[in-house]
$ cat my_file12.txt   # compact mmCIF, C-alpha atoms and all ligand atoms
# COMPACT_ATOMS: atom_id res chain seq x y z
CA MET H 1 19.34 -30.14 -19.38
CA SER H 2 17.48 -32.03 -22.07
CA ASP H 3 18.02 -29.61 -24.97
CA GLN H 4 21.59 -30.39 -26.08
CA ALA H 5 21.16 -28.40 -29.30
CA PHE H 6 20.84 -25.22 -27.23
CA TYR H 7 24.25 -25.73 -25.64
CA SER H 8 26.02 -26.82 -28.81
CA GLY H 9 24.52 -23.79 -30.55
CA LEU H 10 26.07 -21.51 -27.93
CA GLN H 11 29.40 -23.32 -28.22
CA SER H 12 29.54 -22.79 -31.95
CA LYS H 13 28.59 -19.09 -31.66
CA LEU H 14 31.35 -18.61 -29.08
CA GLU H 15 33.77 -20.41 -31.39
CA THR H 16 32.81 -18.02 -34.20
CA LEU H 17 33.52 -15.03 -31.96
CA ARG H 18 36.96 -16.47 -31.24
CA THR H 19 37.82 -17.21 -34.87
CA ASP H 20 36.56 -13.76 -35.93
CA GLY H 21 38.80 -12.15 -33.31
CA LEU H 22 35.76 -10.63 -31.54
CA PHE H 23 35.94 -12.61 -28.33
CA LYS H 24 36.56 -10.33 -25.35
CA PRO H 25 38.95 -11.85 -22.82
CA GLU H 26 39.02 -10.28 -19.35
CA ARG H 27 42.24 -8.89 -17.98
CA VAL H 28 42.73 -9.67 -14.32
CA ILE H 29 44.19 -6.99 -12.05
CA ALA H 30 45.64 -7.94 -8.68
CA SER H 31 45.82 -4.45 -7.19
CA ARG H 32 43.71 -1.35 -6.69
CA GLN H 33 42.66 0.51 -9.81
CA GLY H 34 45.05 3.36 -10.59
CA SER H 35 47.55 4.93 -12.97
CA GLU H 36 49.66 1.86 -12.21
CA VAL H 37 48.17 -1.57 -11.72
CA VAL H 38 49.63 -4.96 -10.92
CA ALA H 39 48.71 -7.73 -13.34
CA GLN H 40 47.96 -11.23 -12.15
CA ASP H 41 51.48 -12.33 -13.14
CA GLY H 42 52.93 -9.68 -10.81
CA ARG H 43 54.03 -7.25 -13.53
CA THR H 44 53.39 -3.55 -12.97
CA LEU H 45 51.67 -1.80 -15.88
CA ILE H 46 50.82 1.82 -16.56
CA ASN H 47 47.08 1.91 -17.03
CA MET H 48 45.88 3.97 -19.99
CA CYS H 49 42.42 2.48 -20.43
CA ALA H 50 40.37 3.15 -17.30
CA ASN H 51 37.54 5.67 -17.09
CA ASN H 52 39.32 6.80 -13.94
CA TYR H 53 39.51 10.40 -15.15
CA LEU H 54 40.03 12.04 -11.77
CA GLY H 55 42.12 9.19 -10.36
CA LEU H 56 39.59 8.62 -7.56
CA SER H 57 38.80 4.92 -8.09
CA GLY H 58 41.70 3.47 -6.12
CA ASP H 59 42.23 6.65 -4.12
CA LYS H 60 42.64 6.37 -0.34
CA GLN H 61 40.35 9.33 0.46
CA THR H 62 37.59 7.70 -1.59
CA SER H 63 37.87 4.31 0.11
CA ASP H 64 38.14 5.99 3.53
CA ALA H 65 34.88 7.83 2.85
CA ALA H 66 33.30 4.55 1.76
CA ALA H 67 34.56 2.87 4.95
CA ALA H 68 33.08 5.66 7.10
CA ALA H 69 29.70 5.32 5.38
CA LEU H 70 29.93 1.53 5.65
CA GLU H 71 30.48 1.87 9.40
CA LYS H 72 27.69 4.41 9.88
CA TYR H 73 25.01 3.05 7.54
CA GLY H 74 25.94 -0.62 7.28
CA TYR H 75 26.51 -2.78 4.24
CA GLY H 76 23.14 -2.72 2.54
CA LEU H 77 19.41 -2.15 2.83
CA SER H 78 17.76 -5.31 1.53
CA SER H 79 15.10 -3.06 0.10
CA VAL H 80 14.10 -0.88 -2.78
CA ARG H 81 14.05 2.84 -2.09
CA PHE H 82 10.33 3.31 -1.44
CA ILE H 83 9.83 0.47 1.03
CA CYS H 84 12.65 0.90 3.55
CA GLY H 85 15.73 1.58 1.42
CA THR H 86 16.20 5.35 1.66
CA GLN H 87 18.78 6.63 4.13
CA THR H 88 19.88 10.19 4.84
CA VAL H 89 23.03 9.57 2.79
CA HIS H 90 20.94 8.87 -0.35
CA LYS H 91 18.94 12.09 0.07
CA GLU H 92 22.15 14.05 0.73
CA LEU H 93 23.78 12.65 -2.39
CA GLU H 94 20.74 13.46 -4.54
CA GLN H 95 20.75 17.02 -3.26
CA LYS H 96 24.50 17.39 -3.75
CA LEU H 97 24.29 16.07 -7.32
CA SER H 98 21.50 18.56 -8.11
CA GLU H 99 23.61 21.40 -6.76
CA PHE H 100 26.66 20.22 -8.69
CA LEU H 101 24.78 19.84 -11.97
CA GLY H 102 22.67 22.98 -11.56
CA THR H 103 19.33 21.15 -11.58
CA GLU H 104 16.30 20.96 -9.27
CA ASP H 105 16.32 17.33 -8.24
CA THR H 106 18.11 14.01 -8.82
CA ILE H 107 17.19 10.33 -8.56
CA LEU H 108 19.78 7.59 -7.95
CA TYR H 109 20.00 4.25 -9.74
CA ALA H 110 22.22 1.20 -9.39
CA ALA H 111 23.91 2.17 -12.68
CA ALA H 112 23.70 4.70 -15.50
CA PHE H 113 22.52 1.77 -17.61
CA ASP H 114 19.44 1.68 -15.38
CA ALA H 115 19.04 5.46 -15.39
CA ASN H 116 18.89 5.42 -19.20
CA GLY H 117 16.81 2.25 -19.24
CA GLY H 118 14.22 3.80 -16.95
CA VAL H 119 13.98 7.40 -18.14
CA PHE H 120 11.95 7.30 -21.36
CA GLU H 121 9.05 4.94 -20.74
CA PRO H 122 7.55 6.85 -17.78
CA LEU H 123 7.81 10.23 -19.54
CA PHE H 124 6.91 9.61 -23.19
CA ASP H 125 4.38 7.58 -25.17
CA GLU H 126 3.26 6.98 -28.76
CA ASN H 127 2.29 10.63 -29.19
CA ASP H 128 5.89 11.74 -28.64
CA ALA H 129 9.19 11.63 -30.54
CA ILE H 130 12.68 10.73 -29.34
CA ILE H 131 15.40 12.13 -31.58
CA SER H 132 18.60 10.28 -30.83
CA ASP H 133 22.22 10.58 -32.01
CA ALA H 134 23.25 7.51 -34.02
CA LEU H 135 26.26 6.86 -31.77
CA ASN H 136 24.44 7.13 -28.45
CA HIS H 137 25.34 4.61 -25.76
CA ALA H 138 23.74 1.15 -25.80
CA SER H 139 21.79 1.93 -22.62
CA ILE H 140 20.07 4.88 -24.33
CA ILE H 141 19.21 2.70 -27.30
CA ASP H 142 17.74 0.06 -24.98
CA GLY H 143 15.85 2.66 -22.96
CA VAL H 144 14.31 4.09 -26.12
CA ARG H 145 13.28 0.57 -27.18
CA LEU H 146 11.31 0.15 -23.95
CA CYS H 147 9.26 3.26 -24.73
CA LYS H 148 6.42 3.60 -27.23
CA ALA H 149 7.52 6.99 -28.58
CA ALA H 150 8.40 7.32 -32.28
CA ARG H 151 12.15 7.06 -32.91
CA TYR H 152 14.16 9.42 -35.06
CA ARG H 153 17.90 8.97 -35.53
CA TYR H 154 20.38 11.62 -36.67
CA ALA H 155 23.93 11.05 -37.92
CA ASN H 156 26.53 11.45 -35.19
CA ASN H 157 27.00 15.07 -34.19
CA ASP H 158 25.41 16.20 -37.49
CA MET H 159 23.36 19.29 -36.73
CA ALA H 160 21.87 19.55 -40.23
CA ASP H 161 20.56 16.00 -39.92
CA LEU H 162 19.27 16.73 -36.41
CA GLU H 163 17.30 19.66 -37.79
CA LYS H 164 15.92 17.44 -40.57
CA GLN H 165 14.69 14.95 -37.96
CA LEU H 166 13.16 17.75 -35.87
CA VAL H 167 11.27 18.92 -38.95
CA ALA H 168 10.09 15.37 -39.65
CA ALA H 169 8.87 14.89 -36.06
CA THR H 170 7.12 18.27 -36.17
CA GLU H 171 5.43 17.44 -39.47
CA ALA H 172 4.32 14.12 -38.01
CA GLY H 173 2.46 16.17 -35.40
CA LYS H 174 4.33 14.76 -32.42
CA ARG H 175 3.26 16.22 -29.09
CA HIS H 176 6.59 16.30 -27.24
CA LYS H 177 10.00 15.95 -28.87
CA ILE H 178 13.21 15.21 -26.99
CA ILE H 179 16.72 15.40 -28.43
CA VAL H 180 18.98 12.83 -26.77
CA THR H 181 22.77 12.74 -26.97
CA ASP H 182 25.84 11.54 -25.13
CA GLY H 183 27.55 14.68 -23.77
CA VAL H 184 30.81 13.10 -24.89
CA PHE H 185 31.13 10.12 -27.24
CA SER H 186 33.58 7.70 -25.73
CA MET H 187 35.02 6.13 -28.89
CA ASP H 188 36.18 9.42 -30.46
CA GLY H 189 36.17 11.83 -27.51
CA THR H 190 33.76 13.97 -29.56
CA ILE H 191 31.98 16.64 -27.52
CA ALA H 192 28.30 17.16 -28.40
CA GLN H 193 27.55 20.65 -29.74
CA LEU H 194 25.18 21.55 -26.95
CA ASP H 195 25.09 25.23 -27.90
CA ARG H 196 23.71 24.33 -31.35
CA ILE H 197 21.52 21.57 -29.93
CA THR H 198 19.85 23.87 -27.39
CA GLU H 199 19.29 26.47 -30.16
CA LEU H 200 17.58 23.88 -32.33
CA ALA H 201 15.57 22.67 -29.33
CA GLU H 202 14.34 26.21 -28.78
CA LYS H 203 13.50 26.67 -32.46
CA TYR H 204 11.41 23.48 -32.59
CA GLY H 205 10.06 23.49 -29.04
CA ALA H 206 11.93 20.29 -28.15
CA LEU H 207 13.29 19.02 -24.85
CA THR H 208 16.96 18.03 -24.45
CA MET H 209 18.66 15.17 -22.66
CA ILE H 210 22.39 14.46 -22.25
CA ASP H 211 24.21 11.41 -20.88
CA GLU H 212 27.19 12.76 -18.99
CA SER H 213 28.97 9.50 -18.18
CA HIS H 214 32.21 10.66 -19.86
CA ALA H 215 31.90 14.26 -18.67
CA SER H 216 30.56 14.67 -15.12
CA GLY H 217 33.34 15.74 -12.78
CA PHE H 218 35.78 17.22 -15.27
CA MET H 219 34.26 18.79 -18.40
CA GLY H 220 33.83 22.55 -18.06
CA LYS H 221 35.87 25.00 -15.99
CA THR H 222 34.59 23.63 -12.67
CA GLY H 223 33.93 20.08 -13.86
CA ARG H 224 30.13 20.26 -13.92
CA GLY H 225 29.98 18.64 -17.33
CA THR H 226 29.43 19.19 -21.02
CA HIS H 227 26.67 21.72 -20.32
CA GLU H 228 29.21 23.86 -18.49
CA HIS H 229 31.80 23.32 -21.23
CA CYS H 230 29.30 24.51 -23.85
CA GLY H 231 27.89 27.36 -21.75
CA VAL H 232 24.35 25.96 -21.53
CA ILE H 233 23.91 25.26 -17.81
CA GLY H 234 20.20 25.51 -17.02
CA LYS H 235 19.19 24.82 -20.64
CA ILE H 236 19.24 21.01 -20.54
CA ASP H 237 16.03 19.28 -19.44
CA ILE H 238 17.38 15.90 -18.37
CA ILE H 239 20.92 14.85 -17.39
CA THR H 240 21.86 11.23 -16.81
CA GLY H 241 25.26 10.02 -15.70
CA THR H 242 27.32 7.47 -13.82
CA LEU H 243 29.08 7.35 -10.46
CA GLY H 244 31.21 4.57 -11.93
CA LYS H 245 33.68 6.64 -13.96
CA ALA H 246 35.17 9.98 -12.85
CA LEU H 247 32.99 10.35 -9.75
CA GLY H 248 34.61 7.61 -7.68
CA GLY H 249 34.42 4.65 -10.04
CA ALA H 250 32.47 2.08 -8.02
CA MET H 251 29.02 2.00 -9.58
CA GLY H 252 25.74 3.84 -9.53
CA GLY H 253 23.91 6.20 -11.83
CA PHE H 254 21.57 9.15 -11.73
CA THR H 255 18.98 11.17 -13.59
CA SER H 256 18.72 14.86 -12.85
CA GLY H 257 16.34 17.59 -13.95
CA ARG H 258 13.11 19.39 -13.07
CA LYS H 259 11.27 18.35 -9.89
CA GLU H 260 8.19 17.04 -11.71
CA VAL H 261 10.36 14.84 -13.96
CA ILE H 262 12.29 13.31 -11.05
CA GLU H 263 9.12 12.83 -8.99
CA THR H 264 7.49 11.03 -11.93
CA LEU H 265 10.53 8.76 -12.23
CA ARG H 266 10.39 7.91 -8.51
CA GLN H 267 6.77 6.83 -9.03
CA LYS H 268 7.10 5.04 -12.35
CA SER H 269 10.66 4.21 -13.38
CA ARG H 270 10.97 0.45 -13.34
CA PRO H 271 14.72 0.02 -12.61
CA TYR H 272 14.19 2.35 -9.62
CA LEU H 273 11.01 0.73 -8.32
CA PHE H 274 12.04 -2.87 -8.77
CA SER H 275 15.75 -2.89 -7.97
CA ASN H 276 17.72 -2.50 -4.78
CA THR H 277 18.95 0.75 -3.26
CA LEU H 278 22.45 1.90 -4.11
CA ALA H 279 24.78 0.61 -1.36
CA PRO H 280 25.24 3.30 1.30
CA MET H 281 29.05 3.12 1.17
CA ILE H 282 28.89 4.08 -2.51
CA ALA H 283 26.51 6.94 -1.75
CA GLY H 284 28.79 8.14 1.07
CA ALA H 285 31.93 7.95 -1.03
CA SER H 286 30.23 9.70 -3.96
CA LEU H 287 29.17 12.47 -1.63
CA ALA H 288 32.78 12.88 -0.43
CA VAL H 289 33.99 12.95 -4.06
CA LEU H 290 31.50 15.69 -4.96
CA ASP H 291 32.53 17.71 -1.89
CA ARG H 292 36.16 17.36 -2.84
CA ILE H 293 35.77 18.39 -6.47
CA SER H 294 33.35 21.21 -5.60
CA LYS H 295 35.95 22.76 -3.29
CA SER H 296 38.88 22.58 -5.71
CA THR H 297 39.37 22.10 -9.44
CA GLU H 298 42.89 20.74 -8.88
CA LEU H 299 42.09 17.23 -10.12
CA ARG H 300 40.23 18.25 -13.29
CA ASP H 301 42.93 20.85 -14.00
CA ARG H 302 45.65 18.21 -13.70
CA LEU H 303 43.62 15.86 -15.92
CA MET H 304 43.30 18.55 -18.59
CA ASP H 305 47.05 19.39 -18.34
CA ASN H 306 47.89 15.72 -18.75
CA THR H 307 45.51 15.51 -21.71
CA ALA H 308 46.99 18.55 -23.48
CA TYR H 309 50.53 17.25 -22.88
CA PHE H 310 49.78 13.75 -24.15
CA ARG H 311 47.88 14.97 -27.22
CA GLN H 312 50.75 17.30 -28.15
CA GLU H 313 53.53 14.78 -27.60
CA ILE H 314 51.88 11.81 -29.29
CA GLU H 315 51.42 13.89 -32.45
CA ARG H 316 54.99 15.17 -32.23
CA ILE H 317 56.22 11.55 -32.19
CA GLY H 318 54.36 10.97 -35.46
CA PHE H 319 51.06 9.33 -34.56
CA THR H 320 47.70 10.39 -35.97
CA ILE H 321 45.03 11.16 -33.40
CA LYS H 322 41.46 12.30 -33.61
CA PRO H 323 41.75 16.01 -32.86
CA GLY H 324 40.02 17.35 -29.76
CA THR H 325 40.47 18.28 -26.12
CA HIS H 326 38.87 15.38 -24.26
CA PRO H 327 40.96 12.92 -22.16
CA VAL H 328 39.80 10.15 -24.51
CA VAL H 329 42.54 10.15 -27.16
CA PRO H 330 41.97 7.82 -30.12
CA VAL H 331 45.38 6.97 -31.59
CA MET H 332 44.57 5.90 -35.13
CA LEU H 333 46.18 2.75 -36.53
CA PHE H 334 43.49 2.20 -39.19
CA GLU H 335 43.93 -1.53 -39.82
CA ALA H 336 42.61 -4.04 -37.29
CA PRO H 337 45.64 -6.37 -37.30
CA VAL H 338 47.96 -3.39 -36.73
CA ALA H 339 45.87 -2.21 -33.77
CA GLN H 340 45.90 -5.72 -32.31
CA LYS H 341 49.67 -6.10 -32.75
CA PHE H 342 50.26 -2.65 -31.39
CA ALA H 343 48.21 -3.14 -28.21
CA ALA H 344 49.93 -6.50 -27.62
CA ARG H 345 53.39 -4.94 -28.03
CA MET H 346 52.47 -2.07 -25.68
CA PHE H 347 51.37 -4.65 -23.12
CA GLU H 348 54.83 -6.28 -23.35
CA LEU H 349 56.38 -2.84 -22.89
CA GLY H 350 54.34 -2.32 -19.71
CA VAL H 351 51.39 -0.25 -20.91
CA LEU H 352 47.77 -1.31 -20.58
CA LEU H 353 45.72 -0.09 -23.57
CA SER H 354 42.62 -1.16 -25.39
CA GLY H 355 42.46 -1.70 -29.13
CA PHE H 356 39.22 -1.14 -31.03
CA PHE H 357 38.38 -2.32 -34.50
CA TYR H 358 35.37 -3.13 -36.67
CA PRO H 359 32.51 -3.58 -35.77
CA VAL H 360 33.04 -1.44 -32.64
CA VAL H 361 34.41 1.37 -34.84
CA PRO H 362 33.94 1.79 -38.62
CA MET H 363 35.99 -0.37 -41.02
CA GLY H 364 39.47 1.12 -41.59
CA GLN H 365 39.35 3.16 -38.38
CA ALA H 366 41.01 0.72 -36.01
CA ARG H 367 42.76 2.39 -33.12
CA VAL H 368 44.05 2.18 -29.62
CA ARG H 369 42.16 4.40 -27.23
CA VAL H 370 44.18 6.22 -24.60
CA GLN H 371 42.39 7.63 -21.57
CA LEU H 372 44.22 10.13 -19.44
CA SER H 373 43.79 10.44 -15.68
CA ALA H 374 44.60 13.09 -13.11
CA ALA H 375 46.53 10.33 -11.36
CA HIS H 376 49.10 9.99 -14.16
CA THR H 377 52.42 11.57 -13.31
CA ARG H 378 54.54 13.26 -16.00
CA GLU H 379 57.09 10.42 -15.58
CA GLN H 380 54.40 7.83 -16.28
CA LEU H 381 53.21 9.71 -19.36
CA ASP H 382 56.79 10.03 -20.64
CA PHE H 383 57.25 6.29 -20.12
CA VAL H 384 54.09 5.63 -22.10
CA LEU H 385 55.12 8.04 -24.89
CA LYS H 386 58.51 6.28 -25.15
CA ALA H 387 56.75 2.93 -25.44
CA PHE H 388 54.48 4.37 -28.15
CA GLU H 389 57.52 5.61 -30.05
CA GLN H 390 59.30 2.27 -29.79
CA ALA H 391 56.27 0.19 -30.80
CA GLY H 392 55.48 2.68 -33.57
CA LYS H 393 59.01 2.40 -34.99
CA GLU H 394 58.98 -1.39 -34.78
CA LEU H 395 55.69 -1.57 -36.66
CA GLY H 396 56.68 1.18 -39.11
CA ILE H 397 53.67 3.39 -38.48
CA LEU H 398 55.18 6.75 -37.54
CA LYS H 399 54.50 9.58 -40.00
CA ASN H 400 57.96 11.17 -39.63
CA ASN H 401 59.92 7.99 -40.32
C1 LIG V 501 29.58 3.88 -19.16
C2 LIG V 501 28.38 4.50 -19.72
C3 LIG V 501 27.10 4.15 -19.27
C4 LIG V 501 26.89 3.05 -18.27
O1 LIG V 501 27.29 3.44 -16.99
P1 LIG V 501 27.12 2.41 -15.79
O2 LIG V 501 26.92 3.28 -14.59
O3 LIG V 501 28.39 1.63 -15.72
O4 LIG V 501 25.95 1.57 -16.07
C5 LIG V 501 26.01 4.81 -19.79
N1 LIG V 501 26.16 5.77 -20.73
C6 LIG V 501 27.36 6.12 -21.20
C7 LIG V 501 27.47 7.19 -22.24
C8 LIG V 501 28.50 5.49 -20.73
O5 LIG V 501 29.70 5.82 -21.21

$ encode --input "my_file12.txt" --output "structure tokens"
Amino acid sequence: MSDQAFYSGLQSKLETLRTDGLFKPERVIASRQGSEVVAQDGRTLINMCANNYLGLSGDKQTSDAAAAALEKYGYGLSSVRFICGTQTVHKELEQKLSEFLGTEDTILYAAAFDANGGVFEPLFDENDAIISDALNHASIIDGVRLCKAARYRYANNDMADLEKQLVAATEAGKRHKIIVTDGVFSMDGTIAQLDRITELAEKYGALTMIDESHASGFMGKTGRGTHEHCGVIGKIDIITGTLGKALGGAMGGFTSGRKEVIETLRQKSRPYLFSNTLAPMIAGASLAVLDRISKSTELRDRLMDNTAYFRQEIERIGFTIKPGTHPVVPVMLFEAPVAQKFAARMFELGVLLSGFFYPVVPMGQARVRVQLSAAHTREQLDFVLKAFEQAGKELGILKNN
């Protein structure tokens, strides 16, 4: 407590964040997560900004499955996996995830952040090359930083640039090359072109890795993910993902792939070796979620219906969206102050939304990001669309008016 300059330095940096409009306040919810939430002031809001794609986060079946696992396996393990922290439920979940993803084996982590943080360093060294999409998630960027491999970056979703980087890594004589991409990019809802990426990987003898955090559980006809959507199941070397979005929404992450990869990670991956076991109630609930969505595609089908309906109607009203098919729908407002005003007005009208502006998205591309859920009813979506129309008219941003 003797270095006052340290604390005043932090205070002034925080003040700068506030004056620059970059300070992130936390919204407090007083209910379960869901398509409707209760705010701290008691108001009910329609929630359009959760990663709750399948509506399973606040779902009764999910929490019942967690309660059953809590009862059977207890609250926690007080151990890492390899000492005395592996229960049958963890092995069952790893097997179920492998089956679901179409891989050989899977390793669990406390978060996808840890899965990505711990995947590169044990597998690659200075002789190798990691070729990474420029818009990949922060946890991939951090994971790559922890590894000695040479880094190559290609422009977002730009296959010509990817090929250029593959050529560069090949000419540099790199031993192994791995192409790394988010399966779906969460700011734009862009779907990685895995058909093209796997072709290029074949051409240059590269490995492939996808982060399926915004895809596992609903992308593809049976919800297996972006690899199913793109018709390349079995062609991806490494799949990472989260249990904290569509697949139940609590927390937890995984890495999935060939046996020798997963076994190496169990021996050498630092966030796995030096961090506690995933709580058994989360493993049990995740297992129940995977059972449920393996038996029926009802939830992902409803999510995709809701997405198609919302995308069509929001354009009909006169908003500009980034085209696509993913349940992330960026509604473009272009200017940061407009996006801020718009999100605030929607909040008053009873809709919870998040606004994004520079530096999170490029200058002049400010937006509100809508995220659809299987839990949204048609009535809720119509309510939200009405609010969009009203706020759009008030702020004079509708194309047709
Ligand atoms: C959310 C997200 C993560 C982090 O997931 P956690 O399990 O919450 O750590 C990692 N990668 C991507 C692409 C994500 O969207």

$ closest_residue --input "my_file12.txt" --among "H:Asp291, H:Glu260, H:Asp188, H:Asp161" --to "ligand LIG 501 (chain V)" --atoms "all atoms listed in the file"
H:Asp188

$ residues_near_ligand --input "my_file12.txt" --ligand "ligand LIG 501 (chain V)" --cutoff "10 Å" --atoms "all atoms listed in the file" --output "JSON, numbers by chain"
{"H": [51, 109, 110, 111, 112, 113, 114, 115, 116, 117, 135, 136, 137, 138, 139, 140, 181, 182, 183, 184, 185, 186, 187, 210, 211, 212, 213, 214, 215, 240, 241, 242, 243, 244, 245, 249, 250, 251, 252, 253, 254]}

$ closest_residue --input "my_file12.txt" --among "H:Met209, H:Leu200, H:Ala192, H:Ala374" --to "Thr297 of chain H" --atoms "only C-alpha atoms"
H:Ala374

$ closest_atom_pairs --input "my_file12.txt" --of "segment 160-236 of chain H" --to "segment 278-290 of chain H" --cutoff "12 Å" --atoms "only C-alpha atoms" --output "tab-separated table"
residue	atom	partner	partner_atom	distance
H:Ser216	CA	H:Leu290	CA	10.3
H:Gly217	CA	H:Leu290	CA	8.0
H:Phe218	CA	H:Leu290	CA	11.3
H:Thr222	CA	H:Leu290	CA	11.5
H:Gly223	CA	H:Leu290	CA	10.2
H:Arg224	CA	H:Leu290	CA	10.2

$ write_last_selection --input "my_file12.txt" --atoms "C-alpha atoms" --output "short mmCIF file (atom, residue, chain, number, x, y, z; two decimals), in the frame of the given file"
data_model
loop_
_atom_site.label_atom_id
_atom_site.label_comp_id
_atom_site.auth_asym_id
_atom_site.auth_seq_id
_atom_site.Cartn_x
_atom_site.Cartn_y
_atom_site.Cartn_z
CA SER H 216 30.56 14.67 -15.12
CA GLY H 217 33.34 15.74 -12.78
CA PHE H 218 35.78 17.22 -15.27
CA THR H 222 34.59 23.63 -12.67
CA GLY H 223 33.93 20.08 -13.86
CA ARG H 224 30.13 20.26 -13.92
#

$ residues_around --input "my_file12.txt" --residues "His376 of chain H" --least-positions-apart "3" --cutoff "9 Å" --atoms "only C-alpha atoms" --output "compact mmCIF listing (two decimals) with C-alpha atoms, in the frame of the given file"
# COMPACT_ATOMS: atom_id res chain seq x y z
CA GLY H 34 45.05 3.36 -10.59
CA SER H 35 47.55 4.93 -12.97
CA GLU H 36 49.66 1.86 -12.21
CA ILE H 46 50.82 1.82 -16.56
CA ASN H 47 47.08 1.91 -17.03
CA MET H 48 45.88 3.97 -19.99
CA GLY H 55 42.12 9.19 -10.36
CA ARG H 302 45.65 18.21 -13.70
CA LEU H 303 43.62 15.86 -15.92
CA ASN H 306 47.89 15.72 -18.75
CA LEU H 372 44.22 10.13 -19.44
CA SER H 373 43.79 10.44 -15.68
CA GLU H 379 57.09 10.42 -15.58
CA GLN H 380 54.40 7.83 -16.28
CA LEU H 381 53.21 9.71 -19.36

$ closest_atom_pairs --input "my_file12.txt" --of "segment 250-277 of chain H" --to "segment 74-93 of chain H" --cutoff "8 Å" --atoms "all atoms listed in the file" --output "JSON lines"
{"residue": "H:Tyr272", "atom": "CA", "partner": "H:Arg81", "partner_atom": "CA", "distance": 7.5}
{"residue": "H:Leu273", "atom": "CA", "partner": "H:Val80", "partner_atom": "CA", "distance": 6.5}
{"residue": "H:Phe274", "atom": "CA", "partner": "H:Val80", "partner_atom": "CA", "distance": 6.6}
{"residue": "H:Ser275", "atom": "CA", "partner": "H:Val80", "partner_atom": "CA", "distance": 5.8}
{"residue": "H:Asn276", "atom": "CA", "partner": "H:Val80", "partner_atom": "CA", "distance": 4.4}
{"residue": "H:Thr277", "atom": "CA", "partner": "H:Val80", "partner_atom": "CA", "distance": 5.1}

$ residues_around --input "my_file12.txt" --residues "Pro359 of chain H" --least-positions-apart "3" --cutoff "12 Å" --atoms "only C-alpha atoms" --output "PyMOL selection string"
chain H and resi 20-22+336+356+362-366

$ closest_residue --input "my_file12.txt" --among "H:Glu163, H:Glu228, H:Glu171, H:Asp133" --to "Ala201 of chain H" --atoms "only C-alpha atoms"
H:Glu163

$ atom_distance --input "my_file12.txt" --atom1 "atom CA of Leu353 of chain H" --atom2 "atom CA of Arg18 of chain H"
20.1 Å

$ atom_distance --input "my_file12.txt" --atom1 "atom CA of Leu123 of chain H" --atom2 "atom CA of Gly231 of chain H"
26.5 Å

$ atom_distance --input "my_file12.txt" --atom1 "atom CA of Ile178 of chain H" --atom2 "atom CA of Gly257 of chain H"
13.6 Å

$ closest_residue --input "my_file12.txt" --among "H:Phe342, H:Phe334, H:Gly102, H:Leu97" --to "Val361 of chain H" --atoms "only C-alpha atoms"
H:Phe334

$ residues_around --input "my_file12.txt" --residues "segment 322-330 of chain H" --least-positions-apart "2" --cutoff "7 Å" --atoms "only C-alpha atoms" --output "list in words"
Ser186, Asp188, Gly189, Thr307, Thr320, Met332, Arg367, Val368, Arg369, Val370, Gln371 and Leu372 of chain H

$ closest_residue --input "my_file12.txt" --among "H:Ser12, H:Phe383, H:Val144, H:Ser354" --to "Asp125 of chain H" --atoms "only C-alpha atoms"
H:Val144

$ residues_around --input "my_file12.txt" --residues "segment 147-151 of chain H" --least-positions-apart "5" --cutoff "7 Å" --atoms "all atoms listed in the file" --output "mmCIF file with C-alpha atoms, keeping the file's coordinate frame"
data_model
loop_
_atom_site.group_PDB
_atom_site.id
_atom_site.type_symbol
_atom_site.label_atom_id
_atom_site.label_comp_id
_atom_site.auth_asym_id
_atom_site.auth_seq_id
_atom_site.Cartn_x
_atom_site.Cartn_y
_atom_site.Cartn_z
ATOM 1 C CA PHE H 120 11.950 7.300 -21.360
ATOM 2 C CA GLU H 121 9.050 4.940 -20.740
ATOM 3 C CA PHE H 124 6.910 9.610 -23.190
ATOM 4 C CA ASP H 125 4.380 7.580 -25.170
ATOM 5 C CA GLU H 126 3.260 6.980 -28.760
ATOM 6 C CA ASN H 127 2.290 10.630 -29.190
ATOM 7 C CA ASP H 128 5.890 11.740 -28.640
ATOM 8 C CA ALA H 129 9.190 11.630 -30.540
ATOM 9 C CA ILE H 130 12.680 10.730 -29.340
ATOM 10 C CA ILE H 131 15.400 12.130 -31.580
#

$ decode --input "my_file12.txt" --residues "segment 234-245 of chain H" --atoms "C-alpha atoms" --output "tab-separated table (two decimals), in the first residue's frame"
chain	number	residue	atom	x	y	z
H	234	GLY	CA	-13.98	-35.91	-40.22
H	235	LYS	CA	-11.73	-33.42	-42.05
H	236	ILE	CA	-10.96	-31.09	-39.12
H	237	ASP	CA	-7.98	-32.02	-36.94
H	238	ILE	CA	-8.81	-30.11	-33.77
H	239	ILE	CA	-12.14	-28.75	-32.51
H	240	THR	CA	-12.38	-26.51	-29.46
H	241	GLY	CA	-15.61	-25.18	-27.99
H	242	THR	CA	-17.53	-24.07	-24.94
H	243	LEU	CA	-20.21	-25.59	-22.72
H	244	GLY	CA	-21.08	-22.03	-21.71
H	245	LYS	CA	-23.15	-20.98	-24.72
